[in-house]
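Here is the file protein28.cif (mmCIF, C-alpha atoms).
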```cif
data_target
#
loop_
_atom_site.label_atom_id
_atom_site.label_comp_id
_atom_site.auth_asym_id
_atom_site.auth_seq_id
_atom_site.Cartn_x
_atom_site.Cartn_y
_atom_site.Cartn_z
CA MET A 77 0.00 0.00 0.00
CA LYS A 78 2.86 2.34 0.83
CA THR A 79 4.46 1.60 -2.52
CA SER A 80 1.25 2.39 -4.41
CA ALA A 81 0.83 5.68 -2.52
CA ALA A 82 4.41 6.67 -3.30
CA ILE A 83 3.97 5.91 -6.97
CA GLY A 84 0.75 7.96 -7.06
CA ALA A 85 2.39 10.96 -5.38
CA MET A 86 5.29 10.82 -7.79
CA ALA A 87 2.91 10.76 -10.77
CA LEU A 88 1.11 13.83 -9.47
CA PHE A 89 4.44 15.61 -9.00
CA LEU A 90 5.57 14.81 -12.54
CA ALA A 91 2.22 15.99 -13.99
CA ALA A 92 2.51 19.30 -12.17
CA CYS A 93 6.02 19.81 -13.46
CA SER A 94 4.96 19.14 -17.04
CA GLU A 95 2.39 21.99 -17.09
CA VAL A 96 3.52 25.03 -19.26
CA ALA A 97 3.68 28.32 -17.39
CA PRO A 98 1.43 31.09 -18.92
CA PRO A 99 3.32 33.73 -21.00
CA PRO A 100 3.99 37.05 -19.28
CA ALA A 101 1.80 40.01 -20.20
CA PRO A 102 3.32 42.17 -23.00
CA PRO A 103 4.84 45.44 -21.78
CA ALA A 104 2.91 48.64 -22.35
CA ARG A 105 3.78 50.38 -25.61
CA LEU A 106 6.33 53.17 -25.24
CA VAL A 107 5.17 56.36 -26.99
CA ARG A 108 6.35 59.93 -27.33
CA THR A 109 3.73 62.46 -26.31
CA LEU A 110 3.10 66.17 -26.63
CA LYS A 111 1.31 68.38 -24.17
CA VAL A 112 -0.63 71.09 -25.95
CA GLY A 113 -0.52 73.96 -23.55
CA ALA A 114 -0.68 77.69 -23.29
CA GLY A 115 2.67 78.24 -24.97
CA ASP A 116 3.27 78.94 -28.63
CA THR A 117 0.89 76.13 -29.59
CA ALA A 118 -2.18 77.97 -28.27
CA ILE A 119 -2.52 81.35 -29.96
CA ASN A 120 -5.28 83.38 -31.54
CA GLY A 121 -3.73 83.23 -34.99
CA VAL A 122 -1.22 81.05 -36.76
CA ASP A 123 0.85 82.72 -39.45
CA ARG A 124 1.71 81.17 -42.76
CA SER A 125 5.27 82.26 -43.30
CA TYR A 126 7.18 82.45 -46.59
CA SER A 127 10.61 83.71 -47.60
CA GLY A 128 10.90 86.10 -50.50
CA GLU A 129 12.94 88.93 -51.93
CA VAL A 130 12.34 92.57 -52.69
CA ARG A 131 11.57 93.34 -56.34
CA ALA A 132 10.48 96.42 -58.28
CA ARG A 133 6.78 96.59 -59.15
CA VAL A 134 7.74 96.98 -62.82
CA GLU A 135 10.93 95.66 -64.42
CA THR A 136 11.78 96.93 -67.89
CA THR A 137 13.72 94.96 -70.49
CA LEU A 138 15.97 97.22 -72.57
CA GLY A 139 17.34 96.48 -76.04
CA PHE A 140 18.59 98.23 -79.16
CA ARG A 141 16.05 99.15 -81.83
CA VAL A 142 18.47 98.12 -84.57
CA ALA A 143 20.68 95.08 -85.10
CA GLY A 144 24.43 95.27 -84.70
CA LYS A 145 27.54 94.32 -82.77
CA ILE A 146 27.86 95.63 -79.20
CA ALA A 147 30.99 97.77 -79.11
CA GLU A 148 30.76 98.98 -75.51
CA ARG A 149 28.89 98.14 -72.30
CA ARG A 150 29.07 100.83 -69.65
CA VAL A 151 27.08 99.48 -66.69
CA ASP A 152 27.13 96.37 -64.50
CA VAL A 153 24.55 94.45 -62.48
CA GLY A 154 23.40 96.35 -59.40
CA GLN A 155 24.53 99.74 -60.69
CA ALA A 156 22.19 102.69 -60.17
CA VAL A 157 21.55 104.66 -63.35
CA ARG A 158 19.86 107.96 -64.19
CA ALA A 159 17.40 108.76 -66.94
CA GLY A 160 19.27 109.46 -70.16
CA GLN A 161 22.49 107.75 -69.03
CA VAL A 162 24.26 105.76 -71.76
CA LEU A 163 24.20 102.03 -71.01
CA ALA A 164 25.76 100.53 -74.15
CA ARG A 165 26.68 101.34 -77.74
CA LEU A 166 26.66 99.41 -81.03
CA ASP A 167 29.39 99.56 -83.66
CA PRO A 168 28.25 102.64 -85.68
CA ALA A 169 30.03 101.76 -88.94
CA ASP A 170 27.09 100.12 -90.70
CA SER A 171 24.63 102.80 -89.59
CA ALA A 172 26.98 105.53 -90.76
CA LEU A 173 27.25 103.94 -94.21
CA GLN A 174 23.47 103.61 -94.47
CA LEU A 175 23.07 107.26 -93.48
CA THR A 176 25.63 108.36 -96.08
CA GLN A 177 23.83 106.39 -98.76
CA ALA A 178 20.43 107.79 -97.79
CA GLU A 179 21.72 111.37 -97.76
CA ALA A 180 23.31 110.91 -101.20
CA GLN A 181 20.02 109.60 -102.58
CA LEU A 182 18.24 112.60 -101.05
CA ALA A 183 20.70 115.03 -102.63
CA LEU A 184 20.19 113.42 -106.04
CA ALA A 185 16.40 113.50 -105.66
CA THR A 186 16.53 117.15 -104.61
CA ALA A 187 18.57 118.12 -107.69
CA ASP A 188 16.32 116.13 -110.03
CA LEU A 189 13.21 117.74 -108.56
CA ALA A 190 14.64 121.23 -109.07
CA ARG A 191 15.45 120.49 -112.75
CA TYR A 192 12.04 118.94 -113.43
CA ARG A 193 10.26 121.89 -111.87
CA ASP A 194 12.22 124.23 -114.17
CA LEU A 195 11.41 122.09 -117.22
CA ARG A 196 7.76 121.96 -116.24
CA ALA A 197 7.67 125.73 -115.92
CA LYS A 198 8.87 125.91 -119.55
CA ASN A 199 6.30 123.25 -120.48
CA PHE A 200 8.99 120.86 -121.74
CA ILE A 201 7.68 117.90 -119.66
CA SER A 202 4.30 116.67 -118.62
CA ALA A 203 2.76 117.12 -115.20
CA SER A 204 2.93 113.36 -114.57
CA ALA A 205 6.71 113.36 -115.05
CA LEU A 206 7.01 116.11 -112.41
CA ASP A 207 4.72 114.19 -110.07
CA ALA A 208 7.01 111.15 -110.35
CA ARG A 209 10.00 113.25 -109.33
CA GLU A 210 8.03 114.77 -106.45
CA THR A 211 7.25 111.25 -105.20
CA ALA A 212 10.87 110.12 -105.58
CA PHE A 213 12.02 113.15 -103.57
CA LYS A 214 9.59 112.43 -100.71
CA ALA A 215 10.71 108.79 -100.58
CA ALA A 216 14.38 109.77 -100.49
CA GLU A 217 13.66 112.35 -97.78
CA ALA A 218 11.84 109.77 -95.62
CA GLN A 219 14.67 107.24 -96.12
CA ALA A 220 17.22 109.83 -95.00
CA ARG A 221 15.22 110.58 -91.83
CA LEU A 222 14.96 106.88 -91.09
CA ALA A 223 18.71 106.45 -91.52
CA ARG A 224 19.37 109.37 -89.14
CA ASN A 225 17.07 107.80 -86.53
CA GLN A 226 18.71 104.41 -86.87
CA ALA A 227 22.12 106.00 -86.47
CA GLY A 228 20.87 107.36 -83.13
CA TYR A 229 19.53 103.96 -82.10
CA THR A 230 23.09 102.61 -81.83
CA THR A 231 23.24 104.21 -78.38
CA LEU A 232 21.14 102.57 -75.63
CA THR A 233 20.12 104.88 -72.79
CA ALA A 234 18.10 104.48 -69.59
CA GLU A 235 14.58 105.86 -69.84
CA ARG A 236 14.11 106.16 -66.05
CA ASN A 237 16.14 106.27 -62.87
CA GLY A 238 16.65 102.78 -61.52
CA VAL A 239 18.97 99.86 -60.92
CA VAL A 240 20.35 97.42 -63.49
CA SER A 241 19.05 94.09 -62.25
CA GLN A 242 20.38 91.89 -65.07
CA VAL A 243 22.87 92.04 -67.95
CA LEU A 244 21.86 89.81 -70.84
CA ALA A 245 24.51 90.61 -73.47
CA GLU A 246 28.19 91.45 -73.53
CA ALA A 247 30.53 93.58 -75.63
CA GLY A 248 31.42 91.87 -78.89
CA GLN A 249 28.11 90.05 -79.12
CA VAL A 250 25.93 90.53 -82.19
CA VAL A 251 22.32 91.24 -81.20
CA GLY A 252 19.13 91.58 -83.19
CA ALA A 253 16.71 94.44 -83.14
CA GLY A 254 14.72 94.34 -79.91
CA GLN A 255 16.85 91.61 -78.30
CA ALA A 256 17.08 92.04 -74.51
CA VAL A 257 20.40 93.50 -73.36
CA PHE A 258 19.57 94.81 -69.87
CA ARG A 259 16.81 94.45 -67.30
CA LEU A 260 16.15 97.67 -65.40
CA ALA A 261 14.29 97.97 -62.10
CA PRO A 262 13.03 101.56 -61.99
CA ASP A 263 12.93 103.50 -58.76
CA GLY A 264 9.48 103.58 -57.22
CA GLU A 265 7.04 101.05 -55.77
CA ARG A 266 8.60 97.96 -54.26
CA GLU A 267 7.11 94.48 -53.87
CA VAL A 268 8.11 91.15 -52.35
CA ALA A 269 8.14 88.07 -54.58
CA ILE A 270 7.32 84.73 -52.90
CA SER A 271 6.51 81.19 -54.00
CA ILE A 272 3.44 79.39 -52.62
CA PRO A 273 3.34 75.54 -52.59
CA GLU A 274 0.52 74.05 -54.63
CA SER A 275 -0.77 72.27 -51.50
CA GLU A 276 -1.52 75.67 -49.93
CA ILE A 277 -2.56 77.74 -52.94
CA GLY A 278 -6.27 77.31 -52.18
CA ALA A 279 -5.94 79.33 -48.97
CA PHE A 280 -4.94 82.53 -50.76
CA LYS A 281 -6.73 85.18 -52.75
CA PRO A 282 -5.69 88.66 -53.95
CA GLY A 283 -6.13 91.38 -51.38
CA GLN A 284 -5.12 89.35 -48.32
CA VAL A 285 -3.30 91.30 -45.63
CA ALA A 286 0.32 90.37 -44.96
CA LYS A 287 3.09 91.44 -42.61
CA VAL A 288 6.54 91.81 -44.13
CA SER A 289 9.77 91.84 -42.16
CA PHE A 290 13.32 92.05 -43.45
CA TRP A 291 16.39 90.13 -42.40
CA ALA A 292 18.56 93.22 -42.80
CA THR A 293 17.11 96.34 -41.22
CA ALA A 294 19.79 98.80 -42.35
CA GLY A 295 18.23 101.43 -44.56
CA THR A 296 14.69 100.09 -44.12
CA LYS A 297 12.46 102.79 -42.68
CA GLY A 298 9.54 101.92 -40.49
CA MET A 299 9.97 98.15 -40.77
CA PRO A 300 8.29 95.71 -40.56
CA ALA A 301 5.93 96.82 -43.29
CA SER A 302 2.31 96.10 -44.07
CA GLY A 303 1.43 94.59 -47.40
CA ARG A 304 -1.28 92.98 -49.48
CA LEU A 305 -1.27 90.03 -51.81
CA ARG A 306 -1.47 91.76 -55.20
CA GLU A 307 -1.36 88.84 -57.61
CA ILE A 308 -0.90 85.07 -57.83
CA SER A 309 0.37 83.37 -60.93
CA PRO A 310 -2.33 81.21 -62.56
CA MET A 311 0.29 78.63 -63.53
CA ALA A 312 2.71 76.66 -61.35
CA ASP A 313 6.42 76.65 -62.06
CA PRO A 314 7.11 73.37 -63.91
CA MET A 315 10.28 72.71 -61.92
CA THR A 316 9.39 73.70 -58.35
CA ARG A 317 5.59 73.16 -58.57
CA THR A 318 5.04 76.44 -56.73
CA PHE A 319 2.99 79.50 -57.67
CA ALA A 320 4.69 82.89 -57.93
CA ALA A 321 3.00 85.64 -55.94
CA ARG A 322 3.64 89.35 -55.41
CA ILE A 323 3.09 91.28 -52.16
CA SER A 324 2.69 95.04 -52.59
CA LEU A 325 4.27 97.06 -49.78
CA GLN A 326 2.39 99.95 -48.23
CA ASP A 327 4.33 103.09 -47.25
CA ALA A 328 7.65 101.37 -47.93
CA ASP A 329 10.84 103.21 -48.82
CA PRO A 330 10.86 103.54 -52.65
CA LEU A 331 14.64 103.06 -52.54
CA LEU A 332 14.43 99.80 -50.59
CA PRO A 333 17.40 97.70 -51.77
CA LEU A 334 16.42 95.22 -54.44
CA GLY A 335 17.10 91.58 -53.73
CA MET A 336 16.84 92.02 -49.95
CA THR A 337 15.54 88.90 -48.21
CA ALA A 338 12.11 89.28 -46.64
CA THR A 339 9.72 87.15 -44.59
CA VAL A 340 6.01 87.40 -45.43
CA ARG A 341 3.44 86.26 -42.88
CA PHE A 342 -0.27 85.73 -43.55
CA PRO A 343 -2.52 85.41 -40.46
CA THR A 344 -4.73 82.33 -40.74
CA GLY A 345 -6.55 82.50 -37.42
CA SER A 346 -8.87 85.10 -35.91
CA GLY A 347 -11.22 85.58 -32.98
CA ASP A 348 -10.83 84.54 -29.36
CA ALA A 349 -10.96 80.75 -29.75
CA PRO A 350 -7.47 79.25 -29.36
CA VAL A 351 -5.87 77.71 -32.40
CA LEU A 352 -3.43 74.87 -31.75
CA VAL A 353 -0.54 73.65 -33.87
CA VAL A 354 0.43 69.98 -33.57
CA PRO A 355 3.02 67.96 -35.50
CA LEU A 356 1.85 66.32 -38.70
CA THR A 357 3.04 63.01 -37.23
CA ALA A 358 0.37 63.31 -34.52
CA ILE A 359 -2.51 63.24 -37.00
CA PHE A 360 -4.28 59.90 -37.44
CA GLN A 361 -6.53 59.75 -40.49
CA GLN A 362 -9.78 57.94 -39.62
CA GLY A 363 -11.49 57.62 -42.95
CA ASP A 364 -12.07 61.18 -44.15
CA GLN A 365 -11.73 62.64 -40.66
CA PRO A 366 -8.44 63.60 -38.99
CA ALA A 367 -8.02 62.55 -35.38
CA VAL A 368 -5.45 62.41 -32.60
CA TRP A 369 -4.76 59.90 -29.82
CA ILE A 370 -5.52 61.40 -26.41
CA VAL A 371 -3.50 59.99 -23.51
CA GLY A 372 -5.70 59.95 -20.37
CA ALA A 373 -4.69 60.37 -16.76
CA ASP A 374 -4.36 56.55 -16.46
CA ASN A 375 -2.19 56.44 -19.64
CA THR A 376 -5.01 54.88 -21.67
CA ALA A 377 -5.26 55.85 -25.35
CA SER A 378 -8.49 57.14 -26.82
CA LEU A 379 -9.09 58.43 -30.35
CA ARG A 380 -10.65 61.86 -30.82
CA VAL A 381 -11.74 63.52 -34.07
CA VAL A 382 -10.37 67.04 -34.54
CA SER A 383 -10.93 69.89 -37.02
CA ILE A 384 -7.95 70.92 -39.14
CA ALA A 385 -7.93 74.52 -40.36
CA ALA A 386 -4.77 74.20 -42.44
CA TYR A 387 -1.67 72.10 -43.00
CA THR A 388 1.53 74.16 -42.85
CA ASP A 389 5.26 73.58 -42.66
CA ALA A 390 5.01 74.19 -38.91
CA GLY A 391 2.37 71.46 -38.47
CA ALA A 392 -1.38 70.98 -38.56
CA VAL A 393 -3.50 73.94 -37.42
CA VAL A 394 -6.19 72.43 -35.19
CA SER A 395 -9.23 74.67 -34.84
CA GLY A 396 -11.43 72.32 -32.83
CA GLY A 397 -11.41 69.12 -30.80
CA LEU A 398 -8.41 69.86 -28.58
CA ALA A 399 -7.97 71.94 -25.45
CA PRO A 400 -4.81 73.36 -23.92
CA GLY A 401 -3.31 71.03 -21.34
CA GLU A 402 -4.31 67.75 -23.02
CA GLN A 403 -1.67 65.17 -23.83
CA ILE A 404 -1.54 63.56 -27.26
CA VAL A 405 0.60 60.94 -28.96
CA ALA A 406 3.16 62.81 -31.05
CA ALA A 407 4.47 59.96 -33.23
CA GLY A 408 3.71 56.36 -34.10
CA VAL A 409 -0.03 56.97 -34.16
CA HIS A 410 -0.69 54.02 -36.50
CA LEU A 411 0.65 51.56 -33.89
CA VAL A 412 -1.71 52.63 -31.09
CA ALA A 413 -5.06 50.95 -30.39
CA ALA A 414 -8.07 52.32 -28.51
CA GLY A 415 -8.02 51.48 -24.80
CA GLU A 416 -4.35 50.45 -24.92
CA LYS A 417 -2.17 51.19 -21.90
CA LEU A 418 0.83 53.30 -22.85
CA ARG A 419 4.18 54.10 -21.36
CA VAL A 420 4.71 57.81 -21.81
CA VAL A 421 7.96 59.54 -22.64
CA PRO A 422 7.05 63.17 -21.93
CA GLN A 423 8.12 65.77 -24.43
CA ALA A 424 8.54 69.46 -23.82
CA THR A 425 5.73 71.69 -24.95
CA ARG A 426 6.00 72.18 -28.72
CA ARG A 427 7.24 75.62 -29.86
#
```
Encoded form (structure tokens):
Amino acid sequence: MKTSAAIGAMALFLAACSEVAPPPAPPARLVRTLKVGAGDTAINGVDRSYSGEVRARVETTLGFRVAGKIAERRVDVGQAVRAGQVLARLDPADSALQLTQAEAQLALATADLARYRDLRAKNFISASALDARETAFKAAEAQARLARNQAGYTTLTAERNGVVSQVLAEAGQVVGAGQAVFRLAPDGEREVAISIPESEIGAFKPGQVAKVSFWATAGTKGMPASGRLREISPMADPMTRTFAARISLQDADPLLPLGMTATVRFPTGSGDAPVLVVPLTAIFQQGDQPAVWIVGADNTASLRVVSIAAYTDAGAVVSGGLAPGEQIVAAGVHLVAAGEKLRVVPQATRR
């Protein structure tokens, strides 16, 4: 009996040892969070900011009115010029020969006309013969005037005070009539040229108010300046896929240096309701609705739908669904499940 009892106890012991221990519970997921607070993420307006450069409202392309070889270029890029100042000259040899020929033809026509008038007065020729000489004289006279004008067109002068913004031809180069040689930015109204990404172009329309600040403040009076969006290009640049836009400056110095780097800001928020900016990585797309993962006081994740006013380089502008002080998952949102316990790695308030 003792032997049977011993065998039975040993069998029970071996059965207990053969049981597999249950697997340990998986550790809580480690996530990086962001606390949306009363810092720079909770403001009454979020600015869209773009870099640009100062340009003249109107830029004039200058070229010779006749063809020829450039003999002299007198100005360089960035040089200030005055109205009437000589910018470049063409080789005058060909124009001088054409003028000499035209003047010789005019002298011959003048002498012929005088003789024919004398013959007509003596009734030796018909009236039609005199009319032909009258016509030939007028044609020669017009040709001579044209040659004189063209001889003057070999000198290119500035029509207005301004700055040479671009040189498009050099001395020794043969250019055609009307070919661009210089680009002149006249003194006067200044604008800021910016490029708007195609993903944001729908948020803009002409007339929008903008604030313009300049990286260099030397020589800029009363800066930053107020401006308005004057125009937006209807076609995107084929290389950068951005739309060119111009910001007209109000009460700006008309001699503001061209090419100066500027920052243009467009307010996108208004009113008293706070507008929050969160990282794009914190947005979880639930169908057609954007949402964020809220981390509760017990570190449990819950999904909440939010309203996005705009997507910018700084992040997503949240206009509804969040309140200052709440904690959200800042990255890895596609790995989180509703009701899941999380291990939080706090992150400083986003700025």
So which residues get picked by the PyMOL selection byres ((chain A and resi 244-253) around 7) here, written as a list in words?
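When the PyMOL selection byres ((chain A and resi 244-253) around 7) is applied, the selected residues are Phe140, Arg141, Val142, Ala143, Gly144, Lys145, Ile146, Ala147, Glu148, Arg149, Gln242, Val243, Gly254, Gln255, Ala256, Val257 and Phe258 of chain A.
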Leaving out Gly154 (chain A) and any residue of its chain fewer than 2 positions from it, which residues lie within 10 Å of it when counting only C-alpha atoms, given as a PyMOL selection string?
chain A and resi 151-152+156-157+238-243+260-261+333-335
Counting only C-alpha atoms, what is within 9 Å of region 276-293 of chain A, bar same-chain residues fewer than 4 positions away, as a list in words?
Val268, Ile272, Lys297, Met299, Pro300, Ala301, Ser302, Gly303, Arg304, Leu305, Arg306, Glu307, Ile308, Thr318, Phe319, Ile323, Leu325, Met336, Thr337, Ala338, Thr339, Val340, Arg341, Phe342, Pro343, Thr344, Ala386, Tyr387 and Thr388 of chain A
Hits of the PyMOL selection byres ((chain A and resi 415) around 6) in this structure, as a ChimeraX atom specification
/A:376-377,414,416
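Nearest residue to Ala321 (chain A), choosing from A:Ser383, A:Thr109, A:Thr230, A:Ser127 and counting only C-alpha atoms: A:Ser127.
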If we count all atoms listed in the file, what is near Gly228 (chain A) at a cut-off of 10 Å, once residues fewer than 4 positions away on the same chain are taken out, given as an NGL selection string?
:A and (141-142 or 165 or 168 or 171-172 or 222-224 or 232)
Would you please work out which residue, of A:Ala187, A:Leu352, A:Val421, A:Ala413, is nearest to Gly401 (chain A) when using all atoms listed in the file?
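Ranked by minimum distance to Gly401 (chain A), first place goes to A:Leu352.
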What separates CA of Pro366 (chain A) and CA of Ser125 (chain A) is a distance of 23.6 Å
Which one is closest to Ser395 (chain A): A:Glu179, A:Glu267, A:Leu411, A:Val353? Count all atoms listed in the file.
A:Val353
Between A:Leu166, A:Ala399, A:Val393, A:Val405, which one has atoms that come closest to Asn375 (chain A), using all atoms listed in the file?
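Checking each candidate against Asn375 (chain A), we get A:Val405 as the closest.
Relative to CA of Gln361 (chain A), CA of Gln403 (chain A) is found at 18.2 Å.
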CA of Leu184 (chain A) to CA of Phe213 (chain A): how many Å, to one decimal?
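CA of Phe213 (chain A) lies at a distance of 8.5 Å from CA of Leu184 (chain A).
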Complete the atom set of region 243-267 of chain A to N, CA and C atoms and return it as a PDB file, in the frame of the given file.
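This went into out_11.pdb:
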```pdb
ATOM      1  N   VAL A 243      22.174  91.779 -66.696  1.00  0.00           N
ATOM      2  CA  VAL A 243      22.870  92.040 -67.950  1.00  0.00           C
ATOM      3  C   VAL A 243      22.752  90.798 -68.808  1.00  0.00           C
ATOM      4  N   LEU A 244      22.194  90.953 -69.993  1.00  0.00           N
ATOM      5  CA  LEU A 244      21.860  89.810 -70.840  1.00  0.00           C
ATOM      6  C   LEU A 244      22.720  89.715 -72.091  1.00  0.00           C
ATOM      7  N   ALA A 245      23.631  90.648 -72.303  1.00  0.00           N
ATOM      8  CA  ALA A 245      24.510  90.610 -73.470  1.00  0.00           C
ATOM      9  C   ALA A 245      25.816  91.310 -73.118  1.00  0.00           C
ATOM     10  N   GLU A 246      26.873  90.918 -73.815  1.00  0.00           N
ATOM     11  CA  GLU A 246      28.190  91.450 -73.530  1.00  0.00           C
ATOM     12  C   GLU A 246      28.778  92.124 -74.760  1.00  0.00           C
ATOM     13  N   ALA A 247      29.830  92.920 -74.530  1.00  0.00           N
ATOM     14  CA  ALA A 247      30.530  93.580 -75.630  1.00  0.00           C
ATOM     15  C   ALA A 247      31.108  92.536 -76.573  1.00  0.00           C
ATOM     16  N   GLY A 248      30.971  92.796 -77.868  1.00  0.00           N
ATOM     17  CA  GLY A 248      31.420  91.870 -78.890  1.00  0.00           C
ATOM     18  C   GLY A 248      30.333  90.951 -79.389  1.00  0.00           C
ATOM     19  N   GLN A 249      29.217  90.914 -78.718  1.00  0.00           N
ATOM     20  CA  GLN A 249      28.110  90.050 -79.120  1.00  0.00           C
ATOM     21  C   GLN A 249      27.247  90.754 -80.162  1.00  0.00           C
ATOM     22  N   VAL A 250      26.824  90.009 -81.172  1.00  0.00           N
ATOM     23  CA  VAL A 250      25.930  90.530 -82.190  1.00  0.00           C
ATOM     24  C   VAL A 250      24.496  90.286 -81.735  1.00  0.00           C
ATOM     25  N   VAL A 251      23.705  91.342 -81.679  1.00  0.00           N
ATOM     26  CA  VAL A 251      22.320  91.240 -81.200  1.00  0.00           C
ATOM     27  C   VAL A 251      21.372  91.692 -82.300  1.00  0.00           C
ATOM     28  N   GLY A 252      20.162  91.189 -82.238  1.00  0.00           N
ATOM     29  CA  GLY A 252      19.130  91.580 -83.190  1.00  0.00           C
ATOM     30  C   GLY A 252      18.337  92.759 -82.671  1.00  0.00           C
ATOM     31  N   ALA A 253      17.550  93.320 -83.536  1.00  0.00           N
ATOM     32  CA  ALA A 253      16.710  94.440 -83.140  1.00  0.00           C
ATOM     33  C   ALA A 253      15.695  93.982 -82.094  1.00  0.00           C
ATOM     34  N   GLY A 254      15.652  94.673 -80.971  1.00  0.00           N
ATOM     35  CA  GLY A 254      14.720  94.340 -79.910  1.00  0.00           C
ATOM     36  C   GLY A 254      15.205  93.266 -78.948  1.00  0.00           C
ATOM     37  N   GLN A 255      16.347  92.656 -79.204  1.00  0.00           N
ATOM     38  CA  GLN A 255      16.850  91.610 -78.300  1.00  0.00           C
ATOM     39  C   GLN A 255      17.209  92.218 -76.951  1.00  0.00           C
ATOM     40  N   ALA A 256      16.854  91.518 -75.856  1.00  0.00           N
ATOM     41  CA  ALA A 256      17.080  92.040 -74.510  1.00  0.00           C
ATOM     42  C   ALA A 256      18.579  92.123 -74.221  1.00  0.00           C
ATOM     43  N   VAL A 257      19.004  93.273 -73.733  1.00  0.00           N
ATOM     44  CA  VAL A 257      20.400  93.500 -73.360  1.00  0.00           C
ATOM     45  C   VAL A 257      20.519  93.755 -71.859  1.00  0.00           C
ATOM     46  N   PHE A 258      19.582  94.516 -71.302  1.00  0.00           N
ATOM     47  CA  PHE A 258      19.570  94.810 -69.870  1.00  0.00           C
ATOM     48  C   PHE A 258      18.151  94.635 -69.335  1.00  0.00           C
ATOM     49  N   ARG A 259      18.083  94.365 -68.015  1.00  0.00           N
ATOM     50  CA  ARG A 259      16.810  94.450 -67.300  1.00  0.00           C
ATOM     51  C   ARG A 259      16.963  95.529 -66.241  1.00  0.00           C
ATOM     52  N   LEU A 260      16.066  96.506 -66.286  1.00  0.00           N
ATOM     53  CA  LEU A 260      16.150  97.670 -65.400  1.00  0.00           C
ATOM     54  C   LEU A 260      14.985  97.660 -64.423  1.00  0.00           C
ATOM     55  N   ALA A 261      15.319  97.827 -63.139  1.00  0.00           N
ATOM     56  CA  ALA A 261      14.290  97.970 -62.100  1.00  0.00           C
ATOM     57  C   ALA A 261      14.179  99.439 -61.751  1.00  0.00           C
ATOM     58  N   PRO A 262      13.145 100.119 -62.239  1.00  0.00           N
ATOM     59  CA  PRO A 262      13.030 101.560 -61.990  1.00  0.00           C
ATOM     60  C   PRO A 262      12.796 101.862 -60.519  1.00  0.00           C
ATOM     61  N   ASP A 263      13.233 103.049 -60.109  1.00  0.00           N
ATOM     62  CA  ASP A 263      12.930 103.500 -58.760  1.00  0.00           C
ATOM     63  C   ASP A 263      11.430 103.693 -58.625  1.00  0.00           C
ATOM     64  N   GLY A 264      10.918 103.423 -57.437  1.00  0.00           N
ATOM     65  CA  GLY A 264       9.480 103.580 -57.220  1.00  0.00           C
ATOM     66  C   GLY A 264       8.941 102.474 -56.339  1.00  0.00           C
ATOM     67  N   GLU A 265       7.733 102.019 -56.628  1.00  0.00           N
ATOM     68  CA  GLU A 265       7.040 101.050 -55.770  1.00  0.00           C
ATOM     69  C   GLU A 265       7.811  99.744 -55.708  1.00  0.00           C
ATOM     70  N   ARG A 266       7.903  99.217 -54.504  1.00  0.00           N
ATOM     71  CA  ARG A 266       8.600  97.960 -54.260  1.00  0.00           C
ATOM     72  C   ARG A 266       7.594  96.871 -53.876  1.00  0.00           C
ATOM     73  N   GLU A 267       7.929  95.635 -54.212  1.00  0.00           N
ATOM     74  CA  GLU A 267       7.110  94.480 -53.870  1.00  0.00           C
ATOM     75  C   GLU A 267       8.015  93.364 -53.361  1.00  0.00           C
TER      76      GLU A 267
END
```
